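Peer 1: Please find target.txt (compact mmCIF, C-alpha atoms) on the next line:
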# COMPACT_ATOMS: atom_id res chain seq x y z
CA MET A 1 -6.27 -155.57 -64.56
CA ASN A 2 -7.57 -157.92 -61.93
CA THR A 3 -10.84 -157.34 -60.14
CA LEU A 4 -9.26 -155.66 -57.12
CA THR A 5 -7.32 -153.00 -59.03
CA LEU A 6 -10.34 -152.50 -61.27
CA TRP A 7 -12.52 -151.96 -58.20
CA PHE A 8 -9.93 -149.61 -56.74
CA HIS A 9 -9.85 -147.52 -59.89
CA LYS A 10 -13.60 -147.38 -60.09
CA PHE A 11 -14.07 -146.49 -56.42
CA GLY A 12 -11.23 -143.99 -56.69
CA SER A 13 -12.88 -142.14 -59.55
CA PRO A 14 -14.41 -138.95 -58.11
CA PRO A 15 -18.06 -139.35 -59.25
CA THR A 16 -18.21 -142.96 -58.06
CA PHE A 17 -16.55 -142.12 -54.76
CA HIS A 18 -19.01 -139.27 -54.26
CA ARG A 19 -22.01 -141.46 -55.02
CA VAL A 20 -20.94 -144.57 -53.07
CA THR A 21 -19.90 -142.65 -49.95
CA GLY A 22 -23.16 -140.68 -50.16
CA LEU A 23 -25.01 -143.98 -49.83
CA LEU A 24 -22.69 -145.36 -47.14
CA ILE A 25 -22.42 -142.38 -44.79
CA PRO A 26 -25.92 -142.43 -43.23
CA TRP A 27 -25.58 -146.17 -42.50
CA LEU A 28 -22.12 -145.73 -41.02
CA PHE A 29 -23.26 -142.92 -38.72
CA ALA A 30 -26.35 -144.92 -37.70
CA ALA A 31 -24.25 -148.02 -36.96
CA ALA A 32 -21.70 -145.98 -34.97
CA LEU A 33 -24.47 -144.35 -32.94
CA LEU A 34 -26.27 -147.62 -32.22
CA ILE A 35 -23.15 -149.59 -31.28
CA GLY A 36 -21.90 -146.61 -29.28
CA LEU A 37 -25.13 -146.37 -27.29
CA VAL A 38 -25.04 -150.09 -26.45
CA GLY A 39 -21.41 -149.67 -25.37
CA LEU A 40 -22.29 -146.62 -23.25
CA TYR A 41 -25.13 -148.51 -21.59
CA GLY A 42 -22.73 -151.32 -20.79
CA GLY A 43 -20.09 -148.93 -19.50
CA LEU A 44 -22.27 -146.54 -17.54
CA VAL A 45 -25.01 -148.85 -16.24
CA LEU A 46 -24.07 -152.52 -16.40
CA ALA A 47 -20.36 -152.47 -15.54
CA PRO A 48 -19.66 -152.44 -11.79
CA ALA A 49 -17.76 -149.65 -10.06
CA ASP A 50 -13.99 -150.09 -9.80
CA TYR A 51 -12.75 -151.18 -6.35
CA GLN A 52 -10.10 -148.44 -6.28
CA GLN A 53 -11.44 -145.68 -8.50
CA SER A 54 -15.18 -146.11 -7.77
CA ASP A 55 -17.18 -144.62 -10.67
CA ALA A 56 -14.50 -142.19 -11.88
CA TYR A 57 -12.97 -144.97 -13.98
CA ARG A 58 -16.02 -144.83 -16.27
CA ILE A 59 -14.27 -142.01 -18.12
CA ILE A 60 -12.00 -144.64 -19.68
CA PHE A 61 -14.90 -145.93 -21.80
CA ILE A 62 -14.51 -142.81 -23.94
CA HIS A 63 -10.91 -141.85 -23.12
CA VAL A 64 -9.32 -145.10 -24.30
CA PRO A 65 -11.30 -145.59 -27.56
CA CYS A 66 -10.62 -141.94 -28.48
CA ALA A 67 -6.92 -142.36 -27.74
CA TRP A 68 -6.82 -145.43 -30.00
CA MET A 69 -8.69 -143.44 -32.66
CA GLY A 70 -6.17 -140.59 -32.54
CA LEU A 71 -3.36 -143.01 -33.37
CA PHE A 72 -5.46 -144.91 -35.91
CA ALA A 73 -6.40 -141.64 -37.62
CA TYR A 74 -2.76 -140.62 -37.74
CA ILE A 75 -1.67 -143.92 -39.29
CA PHE A 76 -4.55 -143.76 -41.79
CA MET A 77 -3.55 -140.19 -42.66
CA ALA A 78 0.14 -141.09 -43.05
CA VAL A 79 -0.58 -144.12 -45.27
CA ASN A 80 -2.75 -141.99 -47.54
CA ALA A 81 -0.17 -139.20 -47.46
CA PHE A 82 2.47 -141.69 -48.58
CA ILE A 83 0.27 -142.94 -51.46
CA ALA A 84 -0.51 -139.34 -52.40
CA LEU A 85 3.15 -138.33 -52.49
CA VAL A 86 4.42 -141.40 -54.34
CA TRP A 87 1.63 -142.11 -56.81
CA ARG A 88 -0.11 -138.72 -56.81
CA ILE A 89 -3.51 -140.31 -56.36
CA LYS A 90 -6.06 -137.56 -55.89
CA ILE A 91 -8.41 -139.52 -53.66
CA SER A 92 -5.55 -140.35 -51.27
CA GLU A 93 -4.65 -136.67 -50.95
CA ILE A 94 -8.23 -135.94 -50.06
CA LEU A 95 -8.58 -138.86 -47.63
CA ALA A 96 -5.34 -137.86 -45.87
CA MET A 97 -6.50 -134.26 -45.46
CA ALA A 98 -9.97 -135.34 -44.33
CA SER A 99 -8.59 -137.57 -41.56
CA ALA A 100 -6.59 -134.74 -39.94
CA PRO A 101 -9.54 -132.84 -38.40
CA VAL A 102 -11.26 -136.05 -37.27
CA GLY A 103 -8.04 -137.27 -35.68
CA ALA A 104 -7.56 -133.87 -34.07
CA TRP A 105 -11.03 -134.07 -32.49
CA PHE A 106 -10.39 -137.54 -31.10
CA THR A 107 -7.00 -136.48 -29.74
CA ALA A 108 -8.53 -133.37 -28.17
CA ILE A 109 -11.21 -135.51 -26.48
CA THR A 110 -8.47 -137.85 -25.22
CA LEU A 111 -6.51 -134.98 -23.67
CA ALA A 112 -9.58 -133.31 -22.17
CA THR A 113 -11.08 -136.47 -20.66
CA GLY A 114 -7.64 -137.56 -19.45
CA ALA A 115 -7.22 -134.28 -17.61
CA ILE A 116 -10.71 -134.58 -16.10
CA TRP A 117 -9.90 -138.10 -14.91
CA GLY A 118 -6.45 -137.04 -13.69
CA LYS A 119 -7.75 -134.33 -11.38
CA PRO A 120 -9.57 -136.65 -8.91
CA MET A 121 -7.26 -139.66 -9.43
CA TRP A 122 -3.77 -138.13 -9.64
CA GLY A 123 -4.60 -134.82 -8.01
CA THR A 124 -3.58 -132.81 -11.07
CA TRP A 125 -5.13 -131.84 -14.41
CA TRP A 126 -1.83 -132.02 -16.23
CA THR A 127 1.72 -133.21 -15.82
CA TRP A 128 4.60 -133.30 -18.31
CA ASP A 129 4.65 -137.06 -18.38
CA ALA A 130 5.89 -138.86 -21.54
CA ARG A 131 2.47 -140.20 -22.53
CA LEU A 132 0.68 -136.90 -21.99
CA THR A 133 3.35 -134.85 -23.73
CA SER A 134 3.58 -137.12 -26.79
CA GLU A 135 -0.23 -137.10 -27.03
CA LEU A 136 -0.13 -133.28 -27.00
CA VAL A 137 2.47 -133.40 -29.79
CA LEU A 138 0.08 -135.66 -31.72
CA LEU A 139 -2.62 -132.97 -31.46
CA PHE A 140 -0.15 -130.30 -32.62
CA LEU A 141 0.84 -132.47 -35.61
CA PHE A 142 -2.80 -132.79 -36.64
CA LEU A 143 -3.26 -129.03 -36.23
CA GLY A 144 -0.04 -128.41 -38.18
CA VAL A 145 -1.30 -130.52 -41.09
CA ILE A 146 -4.66 -128.69 -41.07
CA GLY A 147 -2.94 -125.29 -40.84
CA LEU A 148 -0.48 -125.96 -43.64
CA TYR A 149 -3.24 -127.36 -45.86
CA ASN A 150 -5.27 -124.18 -45.38
CA ALA A 151 -2.32 -121.81 -45.76
CA ILE A 152 -1.53 -122.71 -49.38
CA GLU A 153 -3.86 -121.46 -52.11
CA ASP A 154 -3.51 -124.30 -54.64
CA ARG A 155 -5.46 -127.25 -53.20
CA ARG A 156 -3.29 -130.01 -54.62
CA GLN A 157 0.01 -128.35 -53.73
CA ALA A 158 -1.38 -127.68 -50.27
CA ALA A 159 -2.34 -131.33 -49.88
CA ARG A 160 1.12 -132.52 -50.89
CA ALA A 161 2.94 -130.13 -48.56
CA ALA A 162 0.67 -131.07 -45.64
CA ALA A 163 0.97 -134.77 -46.54
CA PHE A 164 4.73 -134.47 -46.27
CA LEU A 165 4.48 -132.90 -42.82
CA GLY A 166 2.07 -135.63 -41.76
CA LEU A 167 4.39 -138.33 -43.05
CA VAL A 168 7.39 -136.97 -41.14
CA GLY A 169 5.29 -136.75 -37.98
CA ILE A 170 4.60 -140.51 -38.02
CA VAL A 171 7.74 -140.84 -35.89
CA ASN A 172 5.60 -139.65 -32.97
CA VAL A 173 3.14 -142.56 -33.24
CA PRO A 174 5.41 -145.28 -31.74
CA ILE A 175 6.52 -142.74 -29.12
CA VAL A 176 2.92 -142.28 -27.99
CA HIS A 177 2.28 -146.01 -28.02
CA PHE A 178 5.43 -147.14 -26.20
CA SER A 179 5.85 -144.11 -23.93
CA VAL A 180 4.32 -145.98 -20.99
CA SER A 181 6.83 -148.83 -21.28
CA TRP A 182 9.92 -146.82 -22.30
CA TRP A 183 9.69 -144.31 -19.50
CA ASN A 184 8.51 -144.53 -15.94
CA THR A 185 5.35 -142.50 -16.42
CA LEU A 186 2.54 -141.45 -14.17
CA HIS A 187 0.17 -142.69 -16.85
CA GLN A 188 -0.62 -146.37 -16.35
CA GLY A 189 0.68 -149.06 -18.68
CA THR A 190 -1.19 -151.11 -21.25
CA THR A 191 -4.27 -152.85 -19.87
CA VAL A 192 -5.97 -154.09 -23.01
CA ARG A 193 -3.59 -156.20 -25.07
CA LEU A 194 -3.94 -157.82 -28.46
CA LEU A 195 -1.43 -160.50 -27.55
CA GLY A 196 -2.04 -162.29 -24.30
CA PRO A 197 -4.85 -161.81 -21.80
CA SER A 198 -6.08 -158.30 -21.02
CA ARG A 199 -5.78 -157.07 -17.46
CA ILE A 200 -9.37 -155.96 -17.26
CA ASP A 201 -12.57 -157.73 -16.25
CA SER A 202 -14.82 -158.83 -19.12
CA SER A 203 -17.76 -156.79 -17.75
CA MET A 204 -15.62 -153.68 -18.39
CA LEU A 205 -13.88 -154.96 -21.51
CA TRP A 206 -16.89 -155.52 -23.78
CA PRO A 207 -18.30 -151.96 -23.46
CA LEU A 208 -14.80 -150.64 -24.13
CA LEU A 209 -14.44 -152.75 -27.27
CA LEU A 210 -17.92 -151.79 -28.51
CA LEU A 211 -17.04 -148.11 -28.11
CA ALA A 212 -13.76 -148.72 -29.94
CA LEU A 213 -15.74 -150.28 -32.80
CA ALA A 214 -18.26 -147.41 -32.79
CA THR A 215 -15.55 -144.73 -32.91
CA HIS A 216 -13.80 -146.53 -35.77
CA ILE A 217 -17.02 -146.59 -37.79
CA TRP A 218 -17.62 -142.94 -36.88
CA PHE A 219 -14.13 -142.07 -38.12
CA PHE A 220 -14.78 -143.50 -41.57
CA ALA A 221 -18.23 -141.89 -41.77
CA SER A 222 -16.76 -138.50 -40.92
CA VAL A 223 -13.71 -138.87 -43.19
CA PHE A 224 -15.96 -139.86 -46.09
CA ALA A 225 -18.32 -136.94 -45.40
CA ARG A 226 -15.38 -134.51 -45.46
CA SER A 227 -13.76 -136.16 -48.49
CA ARG A 228 -16.82 -135.90 -50.70
CA VAL A 229 -17.13 -132.16 -50.02
CA SER A 230 -13.45 -131.63 -50.85
CA LEU A 231 -13.87 -133.69 -54.00
CA LEU A 232 -16.86 -131.62 -55.07
CA GLU A 233 -14.89 -128.43 -54.45
CA LEU A 234 -11.79 -129.70 -56.28
CA GLU A 235 -13.74 -130.96 -59.29
CA GLY A 236 -16.14 -128.00 -59.38
CA GLY A 237 -15.62 -127.39 -63.08
CA LYS A 238 -16.45 -130.95 -64.14
CA GLU A 239 -19.76 -132.19 -65.44
CA TRP A 240 -20.59 -134.56 -62.55
CA ALA A 241 -19.94 -131.85 -59.96
CA ARG A 242 -22.12 -129.36 -61.84
CA ALA A 243 -24.94 -131.89 -61.99
CA ILE A 244 -24.78 -132.31 -58.20
CA ALA A 245 -24.64 -128.56 -57.61
CA LEU A 246 -27.71 -128.07 -59.79
CA GLY A 247 -29.54 -130.60 -57.65
CA THR A 248 -30.18 -133.12 -60.39
CA GLU A 249 -28.47 -135.58 -58.10
CA HIS A 250 -28.77 -135.70 -54.34
CA GLY A 251 -26.31 -136.86 -51.74
CA HIS A 252 -26.97 -137.61 -48.12
CA GLU A 253 -27.74 -134.02 -47.14
CA MET B 254 -31.47 -142.53 -10.61
CA ASN B 255 -29.81 -140.00 -8.29
CA ASP B 256 -27.19 -142.60 -7.45
CA PHE B 257 -26.57 -143.05 -11.14
CA LEU B 258 -26.13 -139.30 -11.71
CA ALA B 259 -23.90 -138.94 -8.63
CA MET B 260 -21.44 -141.57 -9.96
CA GLY B 261 -20.15 -142.27 -6.46
CA GLY B 262 -19.34 -138.59 -5.95
CA TYR B 263 -17.49 -138.28 -9.27
CA GLY B 264 -20.58 -137.14 -11.20
CA ALA B 265 -19.12 -133.78 -12.23
CA TYR B 266 -15.99 -135.41 -13.65
CA VAL B 267 -17.73 -138.30 -15.39
CA TRP B 268 -20.55 -136.27 -16.92
CA SER B 269 -18.36 -133.38 -18.06
CA SER B 270 -16.15 -135.93 -19.86
CA TYR B 271 -19.13 -137.44 -21.61
CA ALA B 272 -20.46 -133.98 -22.47
CA ILE B 273 -17.14 -133.03 -24.12
CA PHE B 274 -17.18 -136.32 -26.03
CA ALA B 275 -20.74 -135.75 -27.28
CA LEU B 276 -20.16 -132.08 -28.12
CA ALA B 277 -16.92 -132.72 -30.03
CA LEU B 278 -18.54 -135.46 -32.12
CA LEU B 279 -21.58 -133.27 -32.76
CA ILE B 280 -19.33 -130.51 -34.13
CA ASP B 281 -17.42 -133.12 -36.15
CA TYR B 282 -20.76 -134.26 -37.62
CA ILE B 283 -22.02 -130.77 -38.46
CA THR B 284 -18.89 -129.13 -39.99
CA PRO B 285 -18.73 -131.13 -43.25
CA ARG B 286 -22.48 -130.63 -43.74
CA LEU B 287 -22.20 -126.85 -43.45
CA ARG B 288 -19.20 -126.88 -45.78
CA ASN B 289 -21.09 -128.99 -48.29
CA ARG B 290 -23.86 -126.40 -48.42
CA ARG B 291 -21.34 -123.59 -48.90
CA VAL B 292 -19.49 -125.42 -51.68
CA ILE B 293 -22.72 -126.19 -53.55
CA ALA B 294 -23.86 -122.56 -53.23
CA GLU B 295 -20.49 -121.39 -54.59
CA LEU B 296 -20.68 -123.81 -57.53
CA ARG B 297 -24.19 -122.64 -58.36
CA GLY B 298 -23.11 -119.00 -58.22
CA ARG B 299 -20.16 -119.68 -60.49
CA MET B 300 -22.39 -121.50 -63.00
CA LYS B 301 -24.92 -118.64 -63.02
CA ARG B 302 -22.20 -116.07 -63.66
CA GLN B 303 -20.85 -118.15 -66.54
CA GLN B 304 -24.31 -118.46 -68.04
CA ARG B 305 -24.91 -114.70 -67.82
CA ARG B 306 -21.59 -114.00 -69.49
CA GLN B 307 -22.44 -116.37 -72.33
CA GLU B 308 -25.87 -114.77 -72.80
CA LYS B 309 -24.28 -111.32 -73.01
CA SER B 310 -21.75 -112.34 -75.62
CA ALA B 311 -24.35 -114.19 -77.68
Would you write the structure of this file as structure tokens?

Peer 2:
Amino acid sequence: MNTLTLWFHKFGSPPTFHRVTGLLIPWLFAAALLIGLVGLYGGLVLAPADYQQSDAYRIIFIHVPCAWMGLFAYIFMAVNAFIALVWRIKISEILAMASAPVGAWFTAITLATGAIWGKPMWGTWWTWDARLTSELVLLFLFLGVIGLYNAIEDRRQAARAAAFLGLVGIVNVPIVHFSVSWWNTLHQGTTVRLLGPSRIDSSMLWPLLLLALATHIWFFASVFARSRVSLLELEGGKEWARAIALGTEHGHE
Amino acid sequence: MNDFLAMGGYGAYVWSSYAIFALALLIDYITPRLRNRRVIAELRGRMKRQQRRQEKSA
């Protein structure tokens, strides 16, 4: 085996994963909080008011990073679901199931903050526009995965059934992303682009990107925190898990 | 400071959005910690019961 597969096997082994993530999680949360606070300061204090939307536009500094996170979480979940279904790797099952609630939270924040922004700017909390509707479907897919996972008694069977649902639902991801260009929506089109110049001033762009970075780090911190609990529960009968339960070894708690 | 809180008249919208953001992430932070405690307590309970059973049969 080469170094990479060796590393993957070692990191994928439950006791190592539990220990390494236990060390990583506090740093990840601290980094997310610090970067997020700098981004918030930039977005709320330093960035100027928008010439059309005045200060109401400041909602986008959380709305947009959370919307990106919802899609990112879904893709991360689907990739792990695929690995779990094809190669039956335990850690992938757990990572896929752990990303569903985090993705659901980010999607819920996106919908809520979008509605709060929509009220003063569009004059309505909600409209059945393609972007809004597909984002709502994204939330329901996350909730469906969580519900199915909790409805089946056997943890590993539950994970595989929910992984399958999650994998099928990936069809919604491009719909969310391209909805603003495929249909004539009330929701505005893409402003921040990877290819080509972004249509946003740099004084507003850097806080947005910092918050995107912070939410990504937060996502991994939270997914790891959830995964190590599930791993402990799943491997409850094994020696390493017993040692942790007895308190001979301490995690981040 | 008041100007900052007023957000050009959109204060209620801006701050309620940020409050939802903070609250959701706080819940997201707390849930796995509470679950971790519960799982460890369950594991301990299970181990104690096993030990008692072994002592009885010995």

Peer 1: Skip region 68-80 of chain A itself and residues of its chain fewer than 5 positions away, then list as a list in words all residues within 6 Å of it, counting all atoms listed in the file.

Peer 2: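 The contact residues come out as Ser92, Ala96, Ser99, Gly103, Phe106, Thr107, Gly166 and Leu167 of chain A.
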
Peer 1: Could you jot down the CA of Ala259 (chain B) to CA of His63 (chain A) separation for me, Å, one decimal place?

Peer 2: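 Those two atoms sit 19.7 Å apart.
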
Peer 1: Please list, as a VMD selection string, the residues that have an atom at most 12 Å away from (0.0, -147.1, -27.2) in the coordinates of this file, counting only C-alpha atoms.

Peer 2: chain A and resid 64 to 72 130 to 132 134 to 135 172 to 182 187 to 194

Peer 1: Please, what distance in Å, to one decimal, runs between CA of Arg290 (chain B) and CA of Pro26 (chain A)?

Peer 2: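 Here the two named atoms are 17.0 Å from each other.
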
Peer 1: Give me, as a PyMOL selection string, all polymer residues having an atom no more than 12 Å from Met300 (chain B), counting all atoms listed in the file and skipping those fewer than 2 positions away in the same chain.

Peer 2: (chain A and resi 236-239+241-243+245-246) or (chain B and resi 293-298+302-307)

Peer 1: Set the cut-off to 7 Å and count only C-alpha atoms: what are the residues of chain B that reach chain A? Output as a PyMOL selection string.

Peer 2: chain B and resi 260-261+263+266-267+270+273-274+277+281-282+285+289+292-293+296-297

Peer 1: Please measure the separation of CA of Ile170 (chain A) and CA of Thr127 (chain A), giving the value in Å to one decimal.

Peer 2: 23.5 Å

Peer 1: Under the rule that only C-alpha atoms are counted, which of A:Ile91, A:Leu33, A:Leu46, A:Leu148 is the nearest residue to Ser203 (chain A)?

Peer 2: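 Checking each candidate against Ser203 (chain A), we get A:Leu46 as the closest.
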
Peer 1: I need the residue nearest Thr133 (chain A) from this list: A:Thr185, A:Thr16, A:Ser202, A:Thr21. Use all atoms listed in the file for the distance.

Peer 2: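 Nearest candidate to Thr133 (chain A) out of A:Thr185, A:Thr16, A:Ser202, A:Thr21: A:Thr185.
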
Peer 1: Would you mind putting back N, CA and C atoms on region 126-157 of chain A, then writing it out as a compact mmCIF listing (two decimals), in the coordinates of the input?

Peer 2:
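Output file result_29.txt follows:
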# COMPACT_ATOMS: atom_id res chain seq x y z
N TRP A 126 -2.85 -131.83 -15.20
CA TRP A 126 -1.83 -132.02 -16.23
C TRP A 126 -0.48 -132.24 -15.59
N THR A 127 0.33 -133.05 -16.23
CA THR A 127 1.72 -133.21 -15.82
C THR A 127 2.52 -133.50 -17.08
N TRP A 128 3.79 -133.09 -17.09
CA TRP A 128 4.60 -133.30 -18.31
C TRP A 128 5.18 -134.70 -18.31
N ASP A 129 4.28 -135.65 -18.34
CA ASP A 129 4.65 -137.06 -18.38
C ASP A 129 4.79 -137.46 -19.84
N ALA A 130 5.58 -138.51 -20.15
CA ALA A 130 5.89 -138.86 -21.54
C ALA A 130 4.63 -139.13 -22.36
N ARG A 131 3.67 -139.87 -21.78
CA ARG A 131 2.47 -140.20 -22.53
C ARG A 131 1.65 -138.95 -22.83
N LEU A 132 1.50 -138.10 -21.80
CA LEU A 132 0.68 -136.90 -21.99
C LEU A 132 1.34 -135.94 -22.98
N THR A 133 2.65 -135.78 -22.85
CA THR A 133 3.35 -134.85 -23.73
C THR A 133 3.32 -135.32 -25.18
N SER A 134 3.58 -136.63 -25.41
CA SER A 134 3.58 -137.12 -26.79
C SER A 134 2.17 -137.06 -27.39
N GLU A 135 1.14 -137.22 -26.54
CA GLU A 135 -0.23 -137.10 -27.03
C GLU A 135 -0.52 -135.65 -27.43
N LEU A 136 0.03 -134.70 -26.66
CA LEU A 136 -0.13 -133.28 -27.00
C LEU A 136 0.58 -132.97 -28.33
N VAL A 137 1.76 -133.58 -28.53
CA VAL A 137 2.47 -133.40 -29.79
C VAL A 137 1.63 -133.95 -30.94
N LEU A 138 0.95 -135.07 -30.70
CA LEU A 138 0.08 -135.66 -31.72
C LEU A 138 -1.00 -134.65 -32.13
N LEU A 139 -1.60 -133.99 -31.16
CA LEU A 139 -2.62 -132.97 -31.46
C LEU A 139 -2.00 -131.84 -32.29
N PHE A 140 -0.80 -131.39 -31.89
CA PHE A 140 -0.15 -130.30 -32.62
C PHE A 140 0.19 -130.72 -34.05
N LEU A 141 0.55 -131.99 -34.25
CA LEU A 141 0.84 -132.47 -35.61
C LEU A 141 -0.41 -132.42 -36.47
N PHE A 142 -1.53 -132.87 -35.90
CA PHE A 142 -2.80 -132.79 -36.64
C PHE A 142 -3.10 -131.33 -36.99
N LEU A 143 -2.96 -130.44 -36.00
CA LEU A 143 -3.26 -129.03 -36.23
C LEU A 143 -2.29 -128.43 -37.25
N GLY A 144 -1.02 -128.88 -37.21
CA GLY A 144 -0.04 -128.41 -38.18
C GLY A 144 -0.43 -128.80 -39.60
N VAL A 145 -0.87 -130.04 -39.77
CA VAL A 145 -1.30 -130.52 -41.09
C VAL A 145 -2.50 -129.70 -41.57
N ILE A 146 -3.47 -129.47 -40.70
CA ILE A 146 -4.66 -128.69 -41.07
C ILE A 146 -4.24 -127.26 -41.44
N GLY A 147 -3.37 -126.67 -40.62
CA GLY A 147 -2.94 -125.29 -40.84
C GLY A 147 -2.20 -125.12 -42.15
N LEU A 148 -1.27 -126.04 -42.41
CA LEU A 148 -0.48 -125.96 -43.64
C LEU A 148 -1.38 -126.15 -44.86
N TYR A 149 -2.32 -127.09 -44.75
CA TYR A 149 -3.24 -127.36 -45.86
C TYR A 149 -4.06 -126.12 -46.19
N ASN A 150 -4.43 -125.36 -45.15
CA ASN A 150 -5.27 -124.18 -45.38
C ASN A 150 -4.46 -122.94 -45.74
N ALA A 151 -3.13 -123.01 -45.52
CA ALA A 151 -2.32 -121.81 -45.76
C ALA A 151 -1.92 -121.66 -47.22
N ILE A 152 -1.97 -122.76 -47.98
CA ILE A 152 -1.53 -122.71 -49.38
C ILE A 152 -2.75 -122.65 -50.29
N GLU A 153 -2.69 -121.73 -51.27
CA GLU A 153 -3.86 -121.46 -52.11
C GLU A 153 -4.22 -122.67 -52.98
N ASP A 154 -3.23 -123.18 -53.74
CA ASP A 154 -3.51 -124.30 -54.64
C ASP A 154 -3.81 -125.56 -53.83
N ARG A 155 -5.01 -126.13 -54.02
CA ARG A 155 -5.46 -127.25 -53.20
C ARG A 155 -4.55 -128.48 -53.28
N ARG A 156 -4.08 -128.79 -54.48
CA ARG A 156 -3.29 -130.01 -54.62
C ARG A 156 -1.87 -129.82 -54.09
N GLN A 157 -1.30 -128.64 -54.31
CA GLN A 157 0.01 -128.35 -53.73
C GLN A 157 -0.08 -128.34 -52.21
